[in-house]
>>> print(open('data_37.txt').read())   # compact mmCIF, C-alpha atoms
# COMPACT_ATOMS: atom_id res chain seq x y z
CA MET A 1 0.00 0.00 0.00
CA ALA A 2 2.67 2.42 1.05
CA GLU A 3 4.56 1.52 -2.07
CA SER A 4 1.69 2.33 -4.39
CA THR A 5 1.05 5.72 -2.81
CA SER A 6 4.69 6.66 -3.15
CA ALA A 7 4.50 5.63 -6.79
CA VAL A 8 1.54 7.95 -7.27
CA ASN A 9 3.45 10.77 -5.62
CA LEU A 10 6.37 10.14 -7.93
CA GLN A 11 4.03 10.45 -10.89
CA LYS A 12 2.81 13.80 -9.60
CA VAL A 13 6.26 15.32 -9.24
CA LYS A 14 7.23 14.18 -12.73
CA PRO A 15 8.99 17.15 -14.34
CA SER A 16 7.15 19.16 -16.99
CA ILE A 17 8.10 19.04 -20.68
CA VAL A 18 9.91 22.36 -20.36
CA GLU A 19 11.91 21.05 -17.42
CA GLU A 20 12.74 17.87 -19.34
CA PHE A 21 13.95 19.88 -22.32
CA VAL A 22 16.06 22.13 -20.13
CA ALA A 23 17.56 19.10 -18.37
CA GLY A 24 18.38 17.47 -21.72
CA ALA A 25 19.83 20.69 -23.14
CA LYS A 26 21.96 21.02 -20.01
CA LYS A 27 23.23 17.48 -20.54
CA GLY A 28 24.08 18.50 -24.10
CA PHE A 29 25.99 21.52 -22.85
CA TYR A 30 28.07 19.39 -20.51
CA ILE A 31 28.79 16.82 -23.22
CA GLY A 32 30.03 19.74 -25.29
CA ALA A 33 32.18 21.13 -22.52
CA GLU A 34 33.49 17.84 -21.16
CA MET A 35 33.88 15.72 -24.28
CA ILE A 36 33.54 17.59 -27.55
CA ALA A 37 35.61 20.71 -26.88
CA PRO A 38 38.60 18.78 -25.47
CA ALA A 39 38.35 16.26 -28.32
CA MET A 40 38.24 19.03 -30.92
CA VAL A 41 41.29 20.74 -29.44
CA LEU A 42 43.18 17.44 -29.36
CA ALA A 43 42.19 16.55 -32.91
CA TYR A 44 43.14 19.94 -34.34
CA VAL A 45 46.50 19.92 -32.58
CA LEU A 46 47.23 16.30 -33.57
CA ILE A 47 46.46 16.91 -37.21
CA GLN A 48 48.42 20.13 -37.21
CA PHE A 49 51.37 18.16 -35.80
CA LEU A 50 51.03 15.35 -38.34
CA GLU A 51 50.82 17.82 -41.20
CA ILE A 52 53.80 19.94 -40.20
CA THR A 53 56.01 16.91 -39.59
CA GLY A 54 54.94 15.36 -42.89
CA LEU A 55 53.75 12.21 -41.15
CA MET A 56 50.27 12.69 -42.54
CA GLN A 57 51.42 12.23 -46.12
CA GLY A 58 53.35 9.12 -45.15
CA VAL A 59 50.34 7.55 -43.48
CA GLY A 60 48.19 8.54 -46.42
CA LYS A 61 50.48 6.87 -48.94
CA LEU A 62 50.97 3.75 -46.83
CA LEU A 63 47.30 3.08 -46.20
CA GLY A 64 45.87 4.52 -49.40
CA PRO A 65 45.13 1.16 -51.05
CA VAL A 66 43.41 -0.26 -47.94
CA MET A 67 41.21 2.77 -47.35
CA ALA A 68 40.35 2.99 -51.04
CA VAL A 69 38.08 -0.03 -50.50
CA PHE A 70 35.84 2.27 -48.48
CA GLY A 71 36.16 5.18 -50.87
CA LEU A 72 38.50 7.01 -48.52
CA PRO A 73 42.03 8.42 -48.78
CA GLY A 74 44.73 6.81 -46.63
CA GLU A 75 44.77 9.76 -44.22
CA ALA A 76 41.25 8.82 -43.11
CA ILE A 77 42.72 6.00 -41.01
CA ILE A 78 43.79 8.67 -38.50
CA ALA A 79 40.11 9.35 -37.74
CA LEU A 80 39.44 5.63 -37.24
CA VAL A 81 42.44 5.19 -34.95
CA ALA A 82 41.32 8.19 -32.90
CA ALA A 83 37.78 6.76 -32.81
CA PHE A 84 39.11 3.50 -31.35
CA PHE A 85 40.07 5.43 -28.23
CA ALA A 86 37.06 7.76 -28.13
CA LYS A 87 34.07 8.25 -30.42
CA ALA A 88 34.29 12.03 -29.98
CA ALA A 89 37.97 12.08 -30.90
CA GLY A 90 37.29 10.08 -34.07
CA CYS A 91 34.47 12.34 -35.20
CA ALA A 92 36.46 15.45 -34.30
CA THR A 93 39.43 14.16 -36.29
CA ALA A 94 37.24 13.45 -39.31
CA ALA A 95 35.82 16.98 -39.05
CA THR A 96 39.33 18.39 -38.86
CA LEU A 97 40.44 16.43 -41.90
CA TYR A 98 37.45 17.91 -43.71
CA ALA A 99 38.28 21.43 -42.54
CA LYS A 100 41.85 20.92 -43.83
CA GLY A 101 40.55 19.75 -47.17
CA VAL A 102 42.11 16.30 -46.82
CA ILE A 103 38.72 14.57 -47.16
CA THR A 104 35.49 15.71 -48.80
CA ALA A 105 32.11 16.08 -47.06
CA THR A 106 31.05 12.79 -48.65
CA GLN A 107 34.09 11.02 -47.25
CA ALA A 108 33.47 12.57 -43.83
CA THR A 109 29.93 11.16 -44.05
CA ILE A 110 31.34 7.69 -44.76
CA LEU A 111 33.48 8.00 -41.63
CA PHE A 112 30.58 9.23 -39.46
CA PRO A 113 28.69 5.97 -38.69
CA ALA A 114 31.96 4.03 -38.60
CA CYS A 115 33.49 6.30 -35.95
CA VAL A 116 30.40 5.96 -33.75
CA THR A 117 30.19 2.19 -34.32
CA MET A 118 33.79 1.28 -33.48
CA GLY A 119 34.36 4.17 -31.08
CA THR A 120 35.50 4.06 -27.44
CA LEU A 121 36.13 0.32 -27.66
CA ILE A 122 38.21 -0.03 -24.52
CA GLY A 123 36.06 2.20 -22.33
CA HIS A 124 32.84 0.56 -23.43
CA PHE A 125 34.33 -2.91 -23.06
CA VAL A 126 34.28 -2.27 -19.33
CA ARG A 127 30.99 -0.41 -19.29
CA ILE A 128 29.07 -2.91 -21.39
CA VAL A 129 30.81 -6.26 -21.87
CA ILE A 130 32.09 -6.51 -18.29
CA VAL A 131 29.06 -4.91 -16.62
CA ALA A 132 26.69 -7.27 -18.44
CA ASN A 133 28.86 -10.08 -17.01
CA THR A 134 29.40 -11.69 -20.40
CA ASN A 135 31.00 -15.11 -20.62
CA GLN A 136 34.80 -14.58 -20.58
CA LYS A 137 35.25 -17.14 -23.34
CA ARG A 138 33.46 -14.74 -25.70
CA HIS A 139 35.44 -11.58 -24.88
CA PRO A 140 37.84 -11.75 -27.85
CA LEU A 141 34.92 -12.40 -30.19
CA LEU A 142 33.00 -9.43 -28.81
CA LEU A 143 36.00 -7.15 -29.20
CA CYS A 144 36.10 -7.90 -32.94
CA VAL A 145 32.41 -7.32 -33.64
CA PRO A 146 32.43 -3.48 -33.62
CA LEU A 147 35.40 -3.43 -36.03
CA VAL A 148 33.58 -5.66 -38.51
CA ASP A 149 30.41 -3.61 -38.02
CA ALA A 150 32.30 -0.38 -38.72
CA ALA A 151 33.79 -1.75 -41.95
CA VAL A 152 30.32 -2.83 -43.10
CA ALA A 153 28.93 0.58 -42.08
CA MET A 154 31.45 2.35 -44.31
CA ILE A 155 30.55 0.17 -47.28
CA ILE A 156 26.81 0.62 -46.71
CA THR A 157 27.18 4.41 -46.38
CA ARG A 158 29.19 4.45 -49.58
CA VAL A 159 26.49 2.48 -51.38
CA ILE A 160 23.70 4.75 -50.08
CA LEU A 161 25.65 7.82 -51.19
CA SER A 162 26.15 6.47 -54.66
CA VAL A 163 22.51 5.36 -54.93
CA TRP A 164 21.41 8.89 -53.97
CA GLY A 165 23.87 10.26 -56.47
CA ILE A 166 26.00 12.17 -53.95
CA ASN A 167 29.70 12.20 -54.68
CA MET B 168 7.82 -9.77 -11.63
CA THR B 169 9.74 -7.12 -13.51
CA GLU B 170 8.49 -8.76 -16.67
CA LYS B 171 4.91 -8.30 -15.53
CA LYS B 172 5.45 -4.65 -14.69
CA GLN B 173 6.80 -4.04 -18.15
CA GLU B 174 3.73 -5.62 -19.73
CA GLU B 175 1.35 -3.51 -17.69
CA TYR B 176 2.79 -0.22 -18.86
CA LYS B 177 0.42 1.39 -21.31
CA VAL B 178 1.81 3.46 -24.12
CA THR B 179 -0.24 6.62 -24.49
CA TRP B 180 -0.90 8.48 -27.73
CA LYS B 181 1.65 11.03 -26.54
CA GLY B 182 4.33 8.36 -26.59
CA TRP B 183 3.49 7.35 -30.15
CA LEU B 184 3.28 10.95 -31.30
CA ALA B 185 6.61 11.78 -29.68
CA LEU B 186 8.24 8.76 -31.33
CA ILE B 187 6.82 9.65 -34.74
CA ILE B 188 7.90 13.30 -34.49
CA LEU B 189 11.36 12.23 -33.32
CA LEU B 190 11.71 9.85 -36.27
CA ILE B 191 10.50 12.48 -38.74
CA SER B 192 12.73 15.24 -37.43
CA PHE B 193 15.85 13.06 -37.54
CA SER B 194 15.04 11.49 -40.90
CA GLY B 195 15.45 14.74 -42.80
CA ILE B 196 12.48 14.04 -45.09
CA PHE B 197 11.13 17.55 -44.61
CA ALA B 198 14.48 19.32 -44.76
CA GLN B 199 14.03 20.38 -48.38
CA SER B 200 10.29 21.07 -48.30
CA THR B 201 9.12 24.67 -48.46
CA GLY B 202 5.90 24.36 -46.46
CA PRO B 203 5.49 24.70 -42.69
CA TRP B 204 6.43 21.01 -42.42
CA ARG B 205 10.01 22.20 -42.49
CA ALA B 206 9.53 23.20 -38.88
CA LEU B 207 9.60 19.49 -37.94
CA ASP B 208 13.11 18.93 -39.28
CA PHE B 209 15.97 18.77 -36.81
CA GLN B 210 18.59 20.36 -39.05
CA VAL B 211 16.23 23.18 -40.06
CA LEU B 212 15.47 24.01 -36.42
CA THR B 213 19.15 23.87 -35.51
CA GLY B 214 19.56 26.80 -37.87
CA GLN B 215 22.72 28.62 -38.80
CA PHE B 216 25.03 31.24 -37.42
CA GLY B 217 24.85 34.68 -38.94
CA LYS B 218 27.59 35.89 -41.23
CA ILE B 219 29.91 38.59 -39.95
CA ALA B 220 31.54 39.85 -43.10
CA ASP B 221 32.75 38.34 -46.33
CA GLY B 222 30.77 35.22 -45.52
CA ALA B 223 32.73 34.38 -42.38
CA ILE B 224 30.93 33.20 -39.22
CA PHE B 225 32.15 34.18 -35.76
CA THR B 226 34.78 31.45 -35.73
CA GLY B 227 36.51 33.33 -38.49
CA LYS B 228 38.36 32.06 -41.52
CA GLY B 229 41.70 30.36 -41.80
CA GLY B 230 42.20 29.54 -38.13
CA ILE B 231 44.56 26.68 -37.22
CA GLY B 232 45.55 24.48 -34.29
CA ALA B 233 44.05 24.33 -30.80
CA ARG B 234 42.45 27.76 -31.05
CA ASP B 235 40.60 26.89 -34.23
CA GLY B 236 39.55 23.55 -32.72
CA PHE B 237 38.11 25.31 -29.70
CA MET B 238 36.23 27.81 -31.83
CA PHE B 239 34.74 24.99 -33.89
CA ALA B 240 33.71 23.20 -30.70
CA LEU B 241 31.84 26.34 -29.64
CA THR B 242 29.71 26.17 -32.77
CA LEU B 243 28.53 22.68 -31.77
CA PHE B 244 26.98 23.61 -28.44
CA PRO B 245 23.59 24.71 -29.81
CA THR B 246 23.19 21.48 -31.81
CA LEU B 247 24.09 19.33 -28.82
CA MET B 248 21.82 21.19 -26.42
CA PHE B 249 18.89 21.16 -28.81
CA ALA B 250 19.30 17.49 -29.77
CA LEU B 251 19.63 16.14 -26.24
CA GLY B 252 16.76 18.38 -25.10
CA CYS B 253 14.50 16.85 -27.76
CA VAL B 254 15.60 13.30 -26.94
CA GLN B 255 14.92 13.86 -23.25
CA VAL B 256 11.42 15.27 -23.91
CA ALA B 257 10.56 12.40 -26.26
CA GLU B 258 11.79 9.94 -23.66
CA SER B 259 9.69 11.51 -20.90
CA LEU B 260 6.58 11.42 -23.12
CA GLY B 261 7.02 7.68 -23.48
CA ALA B 262 8.54 7.51 -26.96
CA LEU B 263 10.91 4.76 -25.83
CA ARG B 264 8.02 2.73 -24.44
CA ALA B 265 6.27 3.07 -27.77
CA ALA B 266 9.43 1.91 -29.54
CA GLU B 267 9.59 -1.03 -27.16
CA LYS B 268 6.05 -2.03 -28.18
CA LEU B 269 7.19 -2.03 -31.79
CA PHE B 270 10.33 -4.04 -31.21
CA ARG B 271 9.39 -6.53 -28.51
CA PRO B 272 7.58 -8.96 -30.84
CA ILE B 273 10.34 -8.97 -33.44
CA LEU B 274 13.34 -9.40 -31.13
CA ARG B 275 13.26 -13.19 -31.61
CA PRO B 276 13.39 -13.17 -35.42
CA LEU B 277 15.66 -10.11 -35.44
CA MET B 278 18.40 -11.33 -33.10
CA GLY B 279 17.14 -14.49 -31.41
CA LEU B 280 16.40 -12.64 -28.19
CA PRO B 281 13.45 -13.17 -25.82
CA GLY B 282 10.76 -10.46 -25.62
CA ALA B 283 11.82 -9.81 -22.03
CA ALA B 284 14.87 -8.06 -23.49
CA GLY B 285 12.59 -5.40 -25.02
CA LEU B 286 13.09 -2.72 -22.40
CA ALA B 287 16.86 -3.24 -22.27
CA PHE B 288 16.95 -3.18 -26.08
CA VAL B 289 15.19 0.17 -26.25
CA SER B 290 16.98 1.67 -23.24
CA SER B 291 20.32 0.87 -24.84
CA VAL B 292 19.42 3.26 -27.66
CA THR B 293 20.04 6.23 -25.38
CA SER B 294 22.26 4.78 -22.64
CA SER B 295 25.22 2.40 -22.71
CA ASP B 296 25.04 1.64 -19.01
CA VAL B 297 21.34 1.07 -18.43
CA GLY B 298 21.19 -1.56 -21.19
CA ALA B 299 24.23 -3.41 -19.84
CA VAL B 300 22.96 -3.47 -16.26
CA MET B 301 19.52 -4.67 -17.36
CA THR B 302 21.10 -7.41 -19.48
CA LYS B 303 22.98 -8.72 -16.47
CA GLY B 304 19.72 -8.73 -14.52
CA LEU B 305 17.87 -10.62 -17.25
CA VAL B 306 20.37 -13.50 -17.14
CA GLU B 307 20.34 -13.53 -13.35
CA ASP B 308 16.54 -13.71 -13.40
CA LYS B 309 16.80 -16.64 -15.85
CA MET B 310 14.96 -14.74 -18.56
CA MET B 311 17.90 -14.97 -20.92
CA THR B 312 20.57 -17.62 -21.54
CA ASP B 313 24.31 -17.01 -21.53
CA ASP B 314 24.52 -17.30 -25.31
CA GLU B 315 21.63 -14.90 -25.76
CA ARG B 316 23.48 -12.46 -23.56
CA THR B 317 26.58 -12.74 -25.74
CA ILE B 318 24.47 -11.94 -28.81
CA PHE B 319 22.72 -9.07 -27.04
CA VAL B 320 26.00 -7.59 -25.78
CA ALA B 321 27.49 -7.81 -29.28
CA TYR B 322 24.55 -5.66 -30.37
CA GLN B 323 24.94 -3.16 -27.51
CA TYR B 324 28.74 -2.89 -27.58
CA ALA B 325 29.12 -1.73 -31.19
CA GLY B 326 27.88 1.83 -31.63
CA SER B 327 26.61 1.93 -28.06
CA ALA B 328 23.74 4.32 -27.27
CA PRO B 329 23.48 5.18 -30.99
CA VAL B 330 21.02 8.07 -30.69
CA VAL B 331 22.76 10.02 -27.95
CA ASN B 332 26.24 9.22 -29.22
CA THR B 333 25.53 10.21 -32.82
CA PHE B 334 24.42 13.64 -31.60
CA GLY B 335 26.81 13.84 -28.67
CA THR B 336 30.14 12.42 -29.69
CA GLY B 337 29.37 12.81 -33.39
CA ALA B 338 28.49 16.50 -33.03
CA ALA B 339 31.54 17.59 -34.99
CA LEU B 340 30.34 15.71 -38.07
CA LEU B 341 26.67 16.77 -37.93
CA PRO B 342 27.14 20.04 -39.83
CA ILE B 343 29.40 18.30 -42.39
CA SER B 344 27.45 15.10 -43.07
CA VAL B 345 25.68 15.03 -46.43
CA LEU B 346 23.18 12.46 -45.13
CA PRO B 347 20.44 13.34 -42.60
CA VAL B 348 21.31 12.31 -39.06
CA GLY B 349 18.41 9.82 -39.07
CA VAL B 350 20.02 7.91 -41.94
CA ILE B 351 23.34 7.82 -40.05
CA ILE B 352 21.59 6.38 -36.98
CA ALA B 353 19.72 3.88 -39.17
CA ILE B 354 23.03 2.67 -40.66
CA ILE B 355 24.50 2.26 -37.17
CA MET B 356 21.42 0.34 -35.98
CA PHE B 357 21.58 -1.89 -39.05
CA VAL B 358 25.22 -2.87 -38.56
CA LYS B 359 24.62 -3.38 -34.84
CA ILE B 360 21.91 -5.92 -35.60
CA LEU B 361 24.03 -7.46 -38.34
CA GLY B 362 26.98 -7.88 -35.97
CA ALA B 363 24.74 -9.51 -33.37
CA ASN B 364 23.56 -11.96 -36.00
CA LEU B 365 27.11 -12.83 -36.99
CA VAL B 366 27.73 -13.73 -33.35
CA ARG B 367 24.44 -15.60 -33.29
CA MET B 368 25.49 -17.64 -36.32
CA TYR B 369 28.93 -18.30 -34.85
CA LEU B 370 27.49 -19.53 -31.56
CA TYR B 371 25.00 -21.72 -33.38
CA TRP B 372 27.72 -23.20 -35.57
CA GLN B 373 29.98 -23.79 -32.58
CA ALA B 374 27.23 -25.46 -30.53
CA LYS B 375 26.44 -27.73 -33.45
CA ARG B 376 30.09 -28.65 -33.94
CA GLU B 377 30.54 -29.39 -30.24
CA LEU B 378 27.48 -31.58 -30.35
CA THR B 379 28.75 -33.66 -33.26
CA THR B 380 32.35 -33.98 -32.01
CA GLY B 381 31.05 -34.75 -28.52
CA GLY B 382 28.76 -37.39 -29.99
CA ALA B 383 31.61 -38.95 -31.94
CA ALA B 384 33.79 -39.13 -28.83
CA ASN B 385 31.04 -40.83 -26.92
CA GLY B 386 30.11 -43.20 -29.70
>>> encode(input="data_37.txt", output="structure tokens")
Amino acid sequence: MAESTSAVNLQKVKPSIVEEFVAGAKKGFYIGAEMIAPAMVLAYVLIQFLEITGLMQGVGKLLGPVMAVFGLPGEAIIALVAAFFAKAAGCATAATLYAKGVITATQATILFPACVTMGTLIGHFVRIVIVANTNQKRHPLLLCVPLVDAAVAMIITRVILSVWGIN
Amino acid sequence: MTEKKQEEYKVTWKGWLALIILLISFSGIFAQSTGPWRALDFQVLTGQFGKIADGAIFTGKGGIGARDGFMFALTLFPTLMFALGCVQVAESLGALRAAEKLFRPILRPLMGLPGAAGLAFVSSVTSSDVGAVMTKGLVEDKMMTDDERTIFVAYQYAGSAPVVNTFGTGAALLPISVLPVGVIIAIIMFVKILGANLVRMYLYWQAKRELTTGGAANG
């Protein structure tokens, strides 16, 4: 009985739509301040460093043939490597590569779902695979899945873009 | 018990409406229309910064390094705040419950998961942690087998919390992407389900192989 009345009370104090929006927007602000802004600064500095030292061109040449499968230049691998550590860093790096003119908007779009799919693999391994208490025997298998998914995502995005006639 | 509670929850028309509006606004189908329908599109409502002079926005032109990165990050705040505000409102109106109603019956054919996983499945769309904790609970309550959990976690792990993360961590690419954000999320959801099915197939194949080799050893 006591439980049901407290449940009713909880229903009554449910925040209004305006309050919900404000709470969500606030969450968005903090994501921006805590994750996006630091990731953008890191990505811009990293790419600036790679460009000045000439490492970017080297990476681009080395991985060109592999990335060409996905319709991307070799330099795009930098975004995927950054994504492995953090989704935000991967997306920020892809945006930076676009700003620098290394990749086109279409190529940045191909990287978008892939960076989110294979992003933050180590951090989320703990937060999802370990927290869900998954069978340890399956851990190596589970670690590979997002990488395969990301590769498929890039191919699918490429196909959708070409079907819609965007190049 | 928890299963029963989930069943009793009634999805109101508000929940359905919120889900439909959310899907429409992220899909970008009204982005190019000229009528008042445009007002439903996420990108249209996100708007644009004004131009200062010579077509430059407040971040300026030709910036480089950390300073330019920071200025670009500043331009993403409105998108992030607006997107997560909308998601939160839709969630509070019961849009996720409505989505759960849609998905619960097809979880078995889709990924070989029991209907009891419905709430965890839908919760994982906006939160990495809630889905994982609920999954653990489902196995502990004997509503899901160990193999089903492996399949489910394979789904959750790749592209975790796709809706929030596409807007949140993907914010930098939102203004650049040539595809509507809804299409990006749809691609992520598709590969998530595909990956889960690859694991499902692998586990099925392995169980079958163990059965035959085990049988041979015994016979």
>>> closest_residue(input="data_37.txt", among="B:Ile196, B:Leu189, B:Met368, B:Ile352", to="chain A", atoms="only C-alpha atoms")
B:Ile352
>>> interface_residues(input="data_37.txt", of="chain B", to="chain A", cutoff="6 Å", atoms="all atoms listed in the file", output="MDAnalysis selection string")
chainID B and resid 232:233 236:237 240 244 247:249 251:252 255:256 299:300 302:303 321 325:326 336:337 339:340 343:344 351 355 358 362
>>> atom_distance(input="data_37.txt", atom1="atom CA of B:Gly349", atom2="atom CA of B:Val297")
22.6 Å
>>> residues_near_point(input="data_37.txt", point="(5.1, 18.1, -40.2)", cutoff="12 Å", atoms="only C-alpha atoms", output="ChimeraX atom specification")
/B:184,187-192,194-198,200-209
>>> atom_distance(input="data_37.txt", atom1="atom CA of B:Pro272", atom2="atom CA of B:Thr333")
26.3 Å
>>> closest_residue(input="data_37.txt", among="B:Gly227, B:Gln199, B:Leu277, B:Thr312", to="B:Phe357", atoms="all atoms listed in the file")
B:Leu277
>>> atom_distance(input="data_37.txt", atom1="atom CA of B:Gly335", atom2="atom CA of B:Ser294")
11.8 Å
>>> closest_residue(input="data_37.txt", among="B:Val348, B:Met278, B:Leu269, B:Leu241", to="B:Leu365", atoms="all atoms listed in the file")
B:Met278
>>> closest_residue(input="data_37.txt", among="B:Asp235, B:Asp221, B:Glu258, B:Asp313", to="B:Val330", atoms="all atoms listed in the file")
B:Glu258
>>> closest_residue(input="data_37.txt", among="B:Arg376, B:Arg264, B:Arg367, B:Lys218", to="B:Thr179", atoms="all atoms listed in the file")
B:Arg264
>>> closest_residue(input="data_37.txt", among="B:Ser291, B:Thr242, B:Asn364, B:Thr379", to="B:Gly279", atoms="only C-alpha atoms")
B:Asn364
>>> build_atoms(input="data_37.txt", residues="stretch 238-246 of chain B", atoms="all heavy atoms", output="tab-separated table (two decimals), keeping the file's coordinate frame")
chain	number	residue	atom	x	y	z
B	238	MET	N	37.27	26.99	-31.23
B	238	MET	CA	36.23	27.81	-31.83
B	238	MET	C	35.19	26.93	-32.53
B	238	MET	O	34.00	27.19	-32.46
B	238	MET	CB	36.84	28.82	-32.83
B	238	MET	CG	37.56	29.97	-32.18
B	238	MET	SD	36.54	30.83	-30.96
B	238	MET	CE	35.62	31.96	-32.02
B	239	PHE	N	35.67	25.89	-33.21
B	239	PHE	CA	34.74	24.99	-33.89
B	239	PHE	C	33.86	24.29	-32.87
B	239	PHE	O	32.65	24.15	-33.06
B	239	PHE	CB	35.50	23.98	-34.76
B	239	PHE	CG	34.59	23.06	-35.52
B	239	PHE	CD1	33.51	23.56	-36.22
B	239	PHE	CD2	34.80	21.69	-35.52
B	239	PHE	CE1	32.66	22.73	-36.92
B	239	PHE	CE2	33.94	20.85	-36.22
B	239	PHE	CZ	32.87	21.36	-36.92
B	240	ALA	N	34.48	23.88	-31.74
B	240	ALA	CA	33.71	23.20	-30.70
B	240	ALA	C	32.59	24.10	-30.19
B	240	ALA	O	31.48	23.64	-29.93
B	240	ALA	CB	34.63	22.79	-29.54
B	241	LEU	N	32.86	25.40	-30.10
B	241	LEU	CA	31.84	26.34	-29.64
B	241	LEU	C	30.61	26.33	-30.54
B	241	LEU	O	29.49	26.47	-30.08
B	241	LEU	CB	32.41	27.77	-29.61
B	241	LEU	CG	33.15	28.21	-28.35
B	241	LEU	CD1	33.50	29.68	-28.47
B	241	LEU	CD2	32.30	27.97	-27.11
B	242	THR	N	30.84	26.14	-31.84
B	242	THR	CA	29.71	26.17	-32.77
B	242	THR	C	28.81	24.95	-32.59
B	242	THR	O	27.70	24.92	-33.09
B	242	THR	CB	30.18	26.20	-34.24
B	242	THR	OG1	30.79	24.94	-34.55
B	242	THR	CG2	31.17	27.31	-34.52
B	243	LEU	N	29.31	23.92	-31.90
B	243	LEU	CA	28.53	22.68	-31.77
B	243	LEU	C	27.60	22.68	-30.57
B	243	LEU	O	26.70	21.85	-30.47
B	243	LEU	CB	29.48	21.49	-31.68
B	243	LEU	CG	30.43	21.35	-32.87
B	243	LEU	CD1	31.45	20.28	-32.59
B	243	LEU	CD2	29.66	21.04	-34.13
B	244	PHE	N	27.80	23.60	-29.66
B	244	PHE	CA	26.98	23.61	-28.44
B	244	PHE	C	25.48	23.72	-28.72
B	244	PHE	O	24.70	22.97	-28.13
B	244	PHE	CB	27.45	24.73	-27.49
B	244	PHE	CG	28.61	24.32	-26.64
B	244	PHE	CD1	29.89	24.27	-27.18
B	244	PHE	CD2	28.43	23.95	-25.33
B	244	PHE	CE1	30.97	23.87	-26.41
B	244	PHE	CE2	29.50	23.55	-24.54
B	244	PHE	CZ	30.78	23.50	-25.09
B	245	PRO	N	25.04	24.62	-29.58
B	245	PRO	CA	23.59	24.71	-29.81
B	245	PRO	C	22.99	23.40	-30.31
B	245	PRO	O	21.93	22.99	-29.86
B	245	PRO	CB	23.47	25.81	-30.87
B	245	PRO	CG	24.74	26.57	-30.80
B	245	PRO	CD	25.78	25.61	-30.35
B	246	THR	N	23.68	22.74	-31.25
B	246	THR	CA	23.19	21.48	-31.81
B	246	THR	C	23.03	20.44	-30.70
B	246	THR	O	22.01	19.78	-30.59
B	246	THR	CB	24.19	20.92	-32.85
B	246	THR	OG1	24.66	21.99	-33.64
B	246	THR	CG2	23.54	19.87	-33.71
